[in-house]
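Structure file final-v1.pdb (PDB, C-alpha atoms and all ligand atoms) is printed below.
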```
MODEL        1
ATOM      1  CA  MET P   1     -32.367  -7.273   8.753
ATOM      2  CA  MET P   2     -30.978  -9.457   5.989
ATOM      3  CA  GLU P   3     -27.301  -9.926   5.361
ATOM      4  CA  VAL P   4     -25.588  -8.076   2.555
ATOM      5  CA  ARG P   5     -25.510 -10.158  -0.620
ATOM      6  CA  ALA P   6     -21.970 -10.321  -1.942
ATOM      7  CA  LYS P   7     -21.258  -8.278  -5.062
ATOM      8  CA  LYS P   8     -18.357  -9.542  -7.100
ATOM      9  CA  ALA P   9     -17.673  -6.220  -8.801
ATOM     10  CA  LEU P  10     -17.008  -4.649  -5.401
ATOM     11  CA  GLY P  11     -14.569  -7.387  -4.389
ATOM     12  CA  GLN P  12     -16.908  -8.480  -1.618
ATOM     13  CA  HIS P  13     -15.713 -11.565   0.241
ATOM     14  CA  PHE P  14     -16.903 -11.304   3.798
ATOM     15  CA  LEU P  15     -14.657 -12.659   6.525
ATOM     16  CA  THR P  16     -16.666 -15.035   8.703
ATOM     17  CA  ASP P  17     -13.942 -16.336  11.022
ATOM     18  CA  LEU P  18     -14.178 -14.149  14.126
ATOM     19  CA  LYS P  19     -10.852 -15.351  15.569
ATOM     20  CA  ILE P  20      -9.081 -14.091  12.468
ATOM     21  CA  ALA P  21     -11.022 -10.824  12.595
ATOM     22  CA  GLU P  22      -9.895 -10.324  16.175
ATOM     23  CA  SER P  23      -6.266 -11.021  15.419
ATOM     24  CA  ILE P  24      -6.295  -8.580  12.505
ATOM     25  CA  VAL P  25      -7.671  -5.867  14.779
ATOM     26  CA  SER P  26      -5.202  -6.661  17.541
ATOM     27  CA  SER P  27      -2.330  -6.346  15.045
ATOM     28  CA  LEU P  28      -3.053  -2.622  14.861
ATOM     29  CA  ARG P  29      -0.860  -0.566  17.166
ATOM     30  CA  LEU P  30      -2.887   2.060  19.019
ATOM     31  CA  PRO P  31      -2.031   4.743  21.609
ATOM     32  CA  GLY P  32      -0.817   3.294  24.871
ATOM     33  CA  CYS P  33       0.094  -0.098  23.393
ATOM     34  CA  GLY P  34       3.625   0.379  24.658
ATOM     35  CA  GLU P  35       5.290   0.316  21.270
ATOM     36  CA  LYS P  36       6.426   3.672  19.916
ATOM     37  CA  TYR P  37       7.315   4.568  16.379
ATOM     38  CA  ILE P  38       9.771   6.767  14.501
ATOM     39  CA  SER P  39      10.932   9.240  17.123
ATOM     40  CA  GLU P  40      11.085   8.943  20.881
ATOM     41  CA  GLY P  41       7.894   9.894  22.658
ATOM     42  CA  GLU P  42       5.637   9.827  19.629
ATOM     43  CA  ASP P  43       2.613   7.582  19.825
ATOM     44  CA  TRP P  44       0.393   5.968  17.249
ATOM     45  CA  PRO P  45      -2.623   8.030  16.227
ATOM     46  CA  SER P  46      -6.011   6.989  17.556
ATOM     47  CA  GLN P  47      -7.664   8.237  14.366
ATOM     48  CA  THR P  48      -8.182   5.083  12.302
ATOM     49  CA  LEU P  49      -9.694   4.607   8.873
ATOM     50  CA  GLU P  50     -11.206   1.290   7.899
ATOM     51  CA  ILE P  51     -11.493   0.809   4.145
ATOM     52  CA  GLY P  52     -14.451  -1.349   3.091
ATOM     53  CA  PRO P  53     -16.053  -2.381   6.414
ATOM     54  CA  GLY P  54     -18.736  -4.464   4.684
ATOM     55  CA  MET P  55     -20.836  -6.066   7.403
ATOM     56  CA  GLY P  56     -18.483  -4.846  10.094
ATOM     57  CA  VAL P  57     -16.613  -7.991  11.055
ATOM     58  CA  LEU P  58     -13.507  -5.911  11.884
ATOM     59  CA  SER P  59     -15.380  -2.719  12.752
ATOM     60  CA  GLN P  60     -17.249  -4.329  15.648
ATOM     61  CA  TYR P  61     -13.939  -4.908  17.477
ATOM     62  CA  LEU P  62     -12.525  -1.511  16.522
ATOM     63  CA  LEU P  63     -15.655   0.284  17.740
ATOM     64  CA  ARG P  64     -15.195  -1.330  21.152
ATOM     65  CA  LYS P  65     -11.708   0.072  21.585
ATOM     66  CA  PRO P  66     -11.755   3.438  23.372
ATOM     67  CA  GLU P  67      -8.210   4.135  22.139
ATOM     68  CA  ALA P  68      -9.348   3.973  18.493
ATOM     69  CA  ASP P  69     -11.280   6.796  16.857
ATOM     70  CA  LEU P  70     -12.781   4.935  13.913
ATOM     71  CA  LYS P  71     -14.023   6.178  10.546
ATOM     72  CA  MET P  72     -15.148   3.794   7.810
ATOM     73  CA  ILE P  73     -15.367   4.366   4.081
ATOM     74  CA  GLU P  74     -17.729   2.002   2.274
ATOM     75  CA  ILE P  75     -18.825   2.177  -1.362
ATOM     76  CA  ASP P  76     -21.775  -0.222  -1.054
ATOM     77  CA  ASN P  77     -24.999   1.383   0.169
ATOM     78  CA  GLU P  78     -26.389  -1.959   1.277
ATOM     79  CA  SER P  79     -23.365  -2.461   3.559
ATOM     80  CA  VAL P  80     -23.704   1.087   4.888
ATOM     81  CA  ALA P  81     -27.338   0.411   5.796
ATOM     82  CA  TYR P  82     -26.354  -2.882   7.441
ATOM     83  CA  LEU P  83     -23.636  -1.220   9.544
ATOM     84  CA  LEU P  84     -25.907   1.567  10.723
ATOM     85  CA  SER P  85     -28.700  -0.770  11.691
ATOM     86  CA  HIS P  86     -26.486  -3.320  13.484
ATOM     87  CA  PHE P  87     -24.009  -1.057  15.229
ATOM     88  CA  PRO P  88     -25.494   2.048  16.859
ATOM     89  CA  GLU P  89     -21.915   3.110  17.772
ATOM     90  CA  ALA P  90     -21.172   3.383  14.038
ATOM     91  CA  ASP P  91     -23.457   6.393  13.778
ATOM     92  CA  GLY P  92     -21.501   9.369  12.415
ATOM     93  CA  ARG P  93     -18.512   7.188  11.614
ATOM     94  CA  VAL P  94     -19.508   5.715   8.249
ATOM     95  CA  ILE P  95     -18.659   7.609   5.102
ATOM     96  CA  TYR P  96     -20.539   6.409   2.042
ATOM     97  CA  GLY P  97     -18.360   6.603  -1.070
ATOM     98  CA  ASP P  98     -15.375   5.446  -3.056
ATOM     99  CA  PHE P  99     -12.097   5.450  -1.106
ATOM    100  CA  LEU P 100     -10.182   6.042  -4.336
ATOM    101  CA  LYS P 101     -12.045   9.307  -4.905
ATOM    102  CA  MET P 102     -12.164  10.645  -1.349
ATOM    103  CA  ASP P 103     -10.388  13.846  -0.422
ATOM    104  CA  LEU P 104      -8.317  12.351   2.388
ATOM    105  CA  ASP P 105      -6.730  15.699   3.284
ATOM    106  CA  SER P 106     -10.027  17.226   4.340
ATOM    107  CA  LEU P 107     -11.397  14.047   5.935
ATOM    108  CA  PHE P 108      -8.252  13.393   7.971
ATOM    109  CA  PRO P 109      -6.290  16.528   8.645
ATOM    110  CA  GLY P 110      -3.935  14.787  11.080
ATOM    111  CA  GLN P 111      -2.164  11.441  11.338
ATOM    112  CA  PHE P 112      -4.260   8.300  10.902
ATOM    113  CA  ASN P 113      -3.929   4.520  10.730
ATOM    114  CA  VAL P 114      -5.425   2.499   7.896
ATOM    115  CA  ILE P 115      -6.960  -0.928   8.417
ATOM    116  CA  GLY P 116      -9.133  -3.172   6.288
ATOM    117  CA  ASN P 117      -9.793  -6.327   4.417
ATOM    118  CA  PHE P 118      -9.173  -4.592   1.146
ATOM    119  CA  PRO P 119     -11.212  -5.262  -1.994
ATOM    120  CA  TYR P 120      -8.552  -7.319  -3.826
ATOM    121  CA  ASN P 121      -9.450  -5.948  -7.251
ATOM    122  CA  ILE P 122      -8.267  -2.453  -6.279
ATOM    123  CA  SER P 123      -5.589  -3.199  -3.677
ATOM    124  CA  SER P 124      -2.746  -1.736  -5.780
ATOM    125  CA  GLN P 125      -4.677   1.490  -6.320
ATOM    126  CA  ILE P 126      -5.329   1.680  -2.582
ATOM    127  CA  PHE P 127      -1.590   1.372  -1.912
ATOM    128  CA  PHE P 128      -0.777   4.125  -4.420
ATOM    129  CA  ARG P 129      -3.207   6.425  -2.602
ATOM    130  CA  ILE P 130      -1.680   5.475   0.750
ATOM    131  CA  LEU P 131       1.747   6.339  -0.670
ATOM    132  CA  ASP P 132       0.493   9.750  -1.763
ATOM    133  CA  CYS P 133      -0.571  10.317   1.844
ATOM    134  CA  ARG P 134       2.429   8.630   3.494
ATOM    135  CA  GLY P 135       3.340  11.645   5.617
ATOM    136  CA  ARG P 136       0.131  11.194   7.588
ATOM    137  CA  ILE P 137      -0.290   7.402   7.528
ATOM    138  CA  PRO P 138       2.199   5.847   9.971
ATOM    139  CA  GLN P 139       0.612   2.393   9.913
ATOM    140  CA  VAL P 140      -1.440   0.088   7.701
ATOM    141  CA  VAL P 141      -2.818  -3.313   8.717
ATOM    142  CA  CYS P 142      -4.568  -5.043   5.852
ATOM    143  CA  MET P 143      -5.653  -8.299   4.359
ATOM    144  CA  ILE P 144      -4.902  -8.703   0.673
ATOM    145  CA  GLN P 145      -4.352 -11.480  -1.829
ATOM    146  CA  LYS P 146      -1.468 -13.677  -0.614
ATOM    147  CA  GLU P 147       0.586 -13.260  -3.799
ATOM    148  CA  VAL P 148       0.343  -9.479  -3.559
ATOM    149  CA  ALA P 149       1.348  -9.592   0.120
ATOM    150  CA  GLU P 150       4.398 -11.709  -0.703
ATOM    151  CA  ARG P 151       5.369  -9.426  -3.541
ATOM    152  CA  ILE P 152       5.111  -6.316  -1.399
ATOM    153  CA  ALA P 153       7.173  -7.821   1.408
ATOM    154  CA  GLU P 154       9.752  -9.374  -0.947
ATOM    155  CA  LYS P 155      13.404  -8.323  -0.996
ATOM    156  CA  PRO P 156      15.291  -7.500  -4.227
ATOM    157  CA  GLY P 157      16.375 -10.476  -6.305
ATOM    158  CA  SER P 158      13.155 -12.438  -6.257
ATOM    159  CA  LYS P 159      10.977 -12.953  -9.293
ATOM    160  CA  THR P 160       7.914 -11.309  -7.788
ATOM    161  CA  TYR P 161       9.655  -8.182  -6.475
ATOM    162  CA  GLY P 162       8.088  -5.275  -8.337
ATOM    163  CA  ILE P 163       6.886  -1.672  -8.479
ATOM    164  CA  LEU P 164       4.875  -1.740  -5.260
ATOM    165  CA  SER P 165       7.659  -3.547  -3.380
ATOM    166  CA  VAL P 166      10.124  -0.749  -4.184
ATOM    167  CA  LEU P 167       7.734   2.158  -3.684
ATOM    168  CA  LEU P 168       6.284   0.837  -0.415
ATOM    169  CA  GLN P 169       9.611  -0.342   0.990
ATOM    170  CA  ALA P 170      11.026   3.129   0.395
ATOM    171  CA  TRP P 171       8.686   4.521   3.056
ATOM    172  CA  TYR P 172       7.460   1.560   5.111
ATOM    173  CA  ASP P 173       8.818  -1.436   7.000
ATOM    174  CA  ILE P 174       6.677  -4.351   5.905
ATOM    175  CA  GLU P 175       5.810  -7.411   7.973
ATOM    176  CA  TYR P 176       4.041 -10.467   6.631
ATOM    177  CA  LEU P 177       1.867 -11.438   9.621
ATOM    178  CA  PHE P 178      -0.141 -14.518   8.650
ATOM    179  CA  THR P 179      -1.835 -16.417   5.853
ATOM    180  CA  VAL P 180      -5.631 -16.867   5.696
ATOM    181  CA  GLY P 181      -7.233 -19.683   3.726
ATOM    182  CA  SER P 182     -10.223 -19.075   1.479
ATOM    183  CA  GLY P 183     -12.514 -21.058   3.811
ATOM    184  CA  ALA P 184     -12.554 -18.108   6.222
ATOM    185  CA  PHE P 185     -14.739 -16.101   3.823
ATOM    186  CA  ALA P 186     -18.230 -16.106   2.395
ATOM    187  CA  PRO P 187     -18.202 -16.443  -0.537
ATOM    188  CA  PRO P 188     -14.682 -17.965  -0.571
ATOM    189  CA  PRO P 189     -12.274 -16.138  -2.902
ATOM    190  CA  LYS P 190     -10.349 -18.150  -5.515
ATOM    191  CA  VAL P 191      -7.050 -17.137  -3.955
ATOM    192  CA  GLN P 192      -5.410 -17.358  -0.558
ATOM    193  CA  SER P 193      -5.140 -14.224   1.537
ATOM    194  CA  ALA P 194      -2.587 -12.751   3.886
ATOM    195  CA  VAL P 195      -2.428 -10.060   6.523
ATOM    196  CA  ILE P 196       0.465  -7.606   6.449
ATOM    197  CA  ARG P 197       1.469  -4.625   8.557
ATOM    198  CA  LEU P 198       3.198  -1.554   7.157
ATOM    199  CA  LYS P 199       4.929   0.794   9.550
ATOM    200  CA  ARG P 200       6.364   4.059   8.376
ATOM    201  CA  ASN P 201      10.175   3.889   8.488
ATOM    202  CA  SER P 202      12.389   6.774   9.571
ATOM    203  CA  ARG P 203      13.051   8.061   6.055
ATOM    204  CA  GLN P 204      12.151  11.709   5.671
ATOM    205  CA  ASP P 205      13.907  12.411   2.411
ATOM    206  CA  LEU P 206      14.388   9.990  -0.443
ATOM    207  CA  GLY P 207      17.605  11.625  -1.644
ATOM    208  CA  CYS P 208      16.172  12.219  -5.095
ATOM    209  CA  ASP P 209      13.075  13.657  -6.695
ATOM    210  CA  PRO P 210      10.170  11.393  -5.557
ATOM    211  CA  SER P 211       8.146  11.694  -8.746
ATOM    212  CA  ASP P 212      11.196  10.982 -10.950
ATOM    213  CA  PHE P 213      11.897   7.996  -8.677
ATOM    214  CA  LYS P 214       8.374   6.665  -9.183
ATOM    215  CA  PHE P 215       8.637   7.212 -12.939
ATOM    216  CA  ILE P 216      11.980   5.378 -13.205
ATOM    217  CA  VAL P 217      10.740   2.463 -11.075
ATOM    218  CA  LYS P 218       7.575   2.154 -13.166
ATOM    219  CA  THR P 219       9.459   2.411 -16.460
ATOM    220  CA  ALA P 220      12.081  -0.137 -15.388
ATOM    221  CA  PHE P 221       9.496  -2.698 -14.233
ATOM    222  CA  GLY P 222       7.284  -1.992 -17.248
ATOM    223  CA  GLN P 223       9.690  -4.267 -19.124
ATOM    224  CA  ARG P 224      11.044  -6.292 -16.269
ATOM    225  CA  ARG P 225      12.764  -8.937 -18.388
ATOM    226  CA  LYS P 226      14.935  -6.380 -20.102
ATOM    227  CA  THR P 227      18.115  -4.872 -18.741
ATOM    228  CA  LEU P 228      17.853  -1.271 -17.603
ATOM    229  CA  ARG P 229      19.957  -0.262 -20.627
ATOM    230  CA  ASN P 230      17.053  -1.373 -22.824
ATOM    231  CA  SER P 231      14.036  -0.496 -20.720
ATOM    232  CA  LEU P 232      15.360   2.993 -19.968
ATOM    233  CA  LYS P 233      16.572   3.642 -23.528
ATOM    234  CA  PRO P 234      14.058   6.456 -24.208
ATOM    235  CA  LEU P 235      15.051   8.228 -20.985
ATOM    236  CA  ILE P 236      18.735   7.863 -21.791
ATOM    237  CA  ALA P 237      18.160   9.222 -25.295
ATOM    238  CA  SER P 238      16.213  12.224 -24.079
ATOM    239  CA  LYS P 239      18.844  13.074 -21.478
ATOM    240  CA  ALA P 240      21.539  12.800 -24.147
ATOM    241  CA  SER P 241      19.735  15.121 -26.527
ATOM    242  CA  ARG P 242      18.747  17.569 -23.777
ATOM    243  CA  GLU P 243      22.350  17.874 -22.737
ATOM    244  CA  GLY P 244      23.796  17.756 -26.241
ATOM    245  CA  TRP P 245      25.996  14.689 -25.698
ATOM    246  CA  ASP P 246      28.264  13.268 -28.355
ATOM    247  CA  ALA P 247      28.561   9.510 -28.891
ATOM    248  CA  GLU P 248      31.490   9.262 -26.541
ATOM    249  CA  ARG P 249      29.699  10.961 -23.661
ATOM    250  CA  LEU P 250      26.671   8.733 -24.228
ATOM    251  CA  ALA P 251      28.825   5.589 -24.270
ATOM    252  CA  ALA P 252      30.433   6.628 -21.002
ATOM    253  CA  PHE P 253      27.018   7.133 -19.384
ATOM    254  CA  VAL P 254      25.625   3.737 -20.413
ATOM    255  CA  SER P 255      28.831   1.905 -19.510
ATOM    256  CA  ASP P 256      27.777   2.051 -15.862
ATOM    257  CA  PRO P 257      27.325  -1.612 -14.839
ATOM    258  CA  VAL P 258      23.950  -0.813 -13.243
ATOM    259  CA  PHE P 259      22.500  -0.742 -16.768
ATOM    260  CA  ASP P 260      23.408  -4.430 -17.222
ATOM    261  CA  LEU P 261      20.913  -5.355 -14.513
ATOM    262  CA  ARG P 262      17.232  -6.189 -14.580
ATOM    263  CA  PRO P 263      15.053  -4.071 -12.275
ATOM    264  CA  GLU P 264      14.353  -6.840  -9.758
ATOM    265  CA  ARG P 265      18.018  -6.710  -8.691
ATOM    266  CA  LEU P 266      17.807  -3.117  -7.455
ATOM    267  CA  GLY P 267      16.912  -2.103  -3.912
ATOM    268  CA  VAL P 268      15.480   1.269  -2.899
ATOM    269  CA  GLU P 269      18.930   2.900  -2.577
ATOM    270  CA  ASP P 270      19.963   1.615  -6.004
ATOM    271  CA  PHE P 271      16.866   3.190  -7.557
ATOM    272  CA  VAL P 272      17.650   6.433  -5.753
ATOM    273  CA  SER P 273      21.141   6.591  -7.268
ATOM    274  CA  LEU P 274      19.758   5.585 -10.646
ATOM    275  CA  THR P 275      17.217   8.423 -10.436
ATOM    276  CA  ASN P 276      20.008  10.837  -9.559
ATOM    277  CA  LYS P 277      22.003   9.716 -12.591
ATOM    278  CA  PHE P 278      19.150  11.037 -14.706
ATOM    279  CA  ALA P 279      18.756  14.302 -12.835
ATOM    280  CA  SER P 280      19.875  17.306 -14.834
ATOM    281  CA  ARG P 281      23.593  17.966 -15.309
ATOM    282  CA  GLN P 282      25.765  16.208 -12.824
TER     283      GLN P 282
HETATM  284  N1  LIG U   1     -14.325  -5.773   5.837
HETATM  285  C1  LIG U   1     -15.335  -6.702   5.381
HETATM  286  C2  LIG U   1     -15.547  -6.647   3.857
HETATM  287  C3  LIG U   1     -14.356  -7.002   3.025
HETATM  288  S1  LIG U   1     -14.774  -7.122   1.302
HETATM  289  C4  LIG U   1     -14.986  -8.100   5.819
HETATM  290  O1  LIG U   1     -13.841  -8.331   6.198
HETATM  291  O2  LIG U   1     -15.834  -8.964   5.777
HETATM  292  C5  LIG U   1     -14.266  -5.514   0.687
HETATM  293  C6  LIG U   1     -15.179  -4.377   1.081
HETATM  294  O3  LIG U   1     -14.724  -3.191   0.443
HETATM  295  C7  LIG U   1     -16.645  -4.542   0.652
HETATM  296  O4  LIG U   1     -17.469  -4.198   1.719
HETATM  297  C8  LIG U   1     -16.797  -3.561  -0.514
HETATM  298  O5  LIG U   1     -18.113  -3.069  -0.656
HETATM  299  C9  LIG U   1     -15.831  -2.475  -0.112
HETATM  300  N2  LIG U   1     -15.318  -1.669  -1.237
HETATM  301  C10 LIG U   1     -15.043  -2.075  -2.500
HETATM  302  N3  LIG U   1     -14.559  -1.073  -3.239
HETATM  303  C11 LIG U   1     -14.505   0.028  -2.420
HETATM  304  C12 LIG U   1     -14.103   1.391  -2.596
HETATM  305  N4  LIG U   1     -13.612   1.815  -3.773
HETATM  306  N5  LIG U   1     -14.199   2.235  -1.564
HETATM  307  C13 LIG U   1     -14.687   1.799  -0.360
HETATM  308  N6  LIG U   1     -15.081   0.541  -0.132
HETATM  309  C14 LIG U   1     -14.989  -0.351  -1.134
ENDMDL
END
```
Using structure tokens, write down the structure that the file contains.
Ligand code: SAH
Amino acid sequence: MMEVRAKKALGQHFLTDLKIAESIVSSLRLPGCGEKYISEGEDWPSQTLEIGPGMGVLSQYLLRKPEADLKMIEIDNESVAYLLSHFPEADGRVIYGDFLKMDLDSLFPGQFNVIGNFPYNISSQIFFRILDCRGRIPQVVCMIQKEVAERIAEKPGSKTYGILSVLLQAWYDIEYLFTVGSGAFAPPPKVQSAVIRLKRNSRQDLGCDPSDFKFIVKTAFGQRRKTLRNSLKPLIASKASREGWDAERLAAFVSDPVFDLRPERLGVEDFVSLTNKFASRQ
């Protein structure tokens, strides 16, 4: 059977370097690997979801591992047909559809790992979905655009630190594993790539309302060159009117030095206290 012809709209850049494929797969922690996570005695799940298997360059190694129970979600019917005809073991493990629209709760009732060479055009949306499911996804190993990988792994203070850095770092420890040049793909992407690993940290409770937290982080970075006093002005105004503040009370609230900062200076804990400042009456 012919190879799958690469479709740009689906972010298809097929990895051709088998050594790299193998090291991506071996970066995934699986049951019995000796490394535990979160609490004593817990092990990594064997249930593993690969997003966008394409022609199966990663899947072939995952399917060989008895400690991994693999499912693949692939949007491209040509790739699905390729997988099923080349890998008999893939039978019953390929789900044809859009990862962004899948009901993950019914597909994966328990804990599961996520792995994949993500379609770069939707990598942020994939991460937002992973975050929505963070209670059941203890680990993610993925290849993404190098700039996005750096941004996600970046600490506060750097120019590229942004929304996804804060939201992901709140729940995951992030490791930048290695860089992959564009020559490892067919067709080669215009950008460099990188492999990162996300492991769920021990945080169970953010210490503030998670959806308010997300809203504040998004609003603050929506105008990242402004100080928080300016970017959060509408939120400050609505709190003031909701609580019937006079000018003096308002001045006292905005005199907090945190409002002099730009969002890239704030770590997760700083955003938590900022969110709590906006919570009702305190
Ligand atoms: N894992 C393969 C392919 C990577 S390219 C390799 O490393 O060679 C990205 C893959 O994601 C393609 O196969 C593409 O068809 C698939 N894809 C793109 N959008 C998707 C979506 N929304 N849901 C599931 N798969 C998707």
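Between atom CA of P:Ile115 and atom CA of P:Leu28 the separation is 7.7 Å.
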Checklist entry - Once the PyMOL selection byres (((chain P and resi 225-227) around 10) and not hetatm) has been applied to the shown file, what residues remain in the selection, as an MDAnalysis selection string? => result chainID P and resid 220:224 228:233 258:264
Checklist outcome for this item: Using only C-alpha atoms, the shortest atom-to-atom distance to P:Lys190 among P:Ser202, P:Gln145, P:Glu89, P:Ala240 belongs to P:Gln145
Item to check | Nearby residues, ligand LIG 1 (chain U), 9 Å, all atoms listed in the file, as an NGL selection string | outcome: :P and (6-7 or 9-16 or 21 or 50-59 or 72-80 or 95-102 or 116-122 or 126 or 143 or 185-186)
Next on the checklist: Can you tell me which residues surround P:Leu131 at a distance of at most 9 Å, considering only C-alpha atoms, apart from same-chain residues fewer than 5 positions away, and format the answer as a PyMOL selection string?
Outcome noted: chain P and resi 126+137+167-168+171
Item to check | Point (9.7, 11.5, -10.1) neighbourhood (12 Å, only C-alpha atoms) written as JSON, numbers by chain | outcome: {"P": [167, 206, 207, 208, 209, 210, 211, 212, 213, 214, 215, 216, 217, 218, 219, 271, 272, 274, 275, 276, 278, 279]}
Checklist entry - For this file, the PyMOL selection byres (((chain P and resi 177) around 9) and not hetatm) selects which residues, as a VMD selection string? => result chain P and resid 27 175 to 176 178 to 179 194 to 197
Item to check | Two-atom distance - atom CA of P:Phe128, atom CA of P:Val140 (Å) | outcome: 12.8 Å
Next on the checklist: Please report the interatomic distance between atom CA of P:Lys65 and atom CA of P:Ile20 in Å with one decimal.
Outcome noted: 17.0 Å
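For the choices P:Leu198, P:Tyr161, P:Ser182, P:Ala251, the atom-to-atom distance to P:Ile130 is smallest for P:Leu198 when using all atoms listed in the file.
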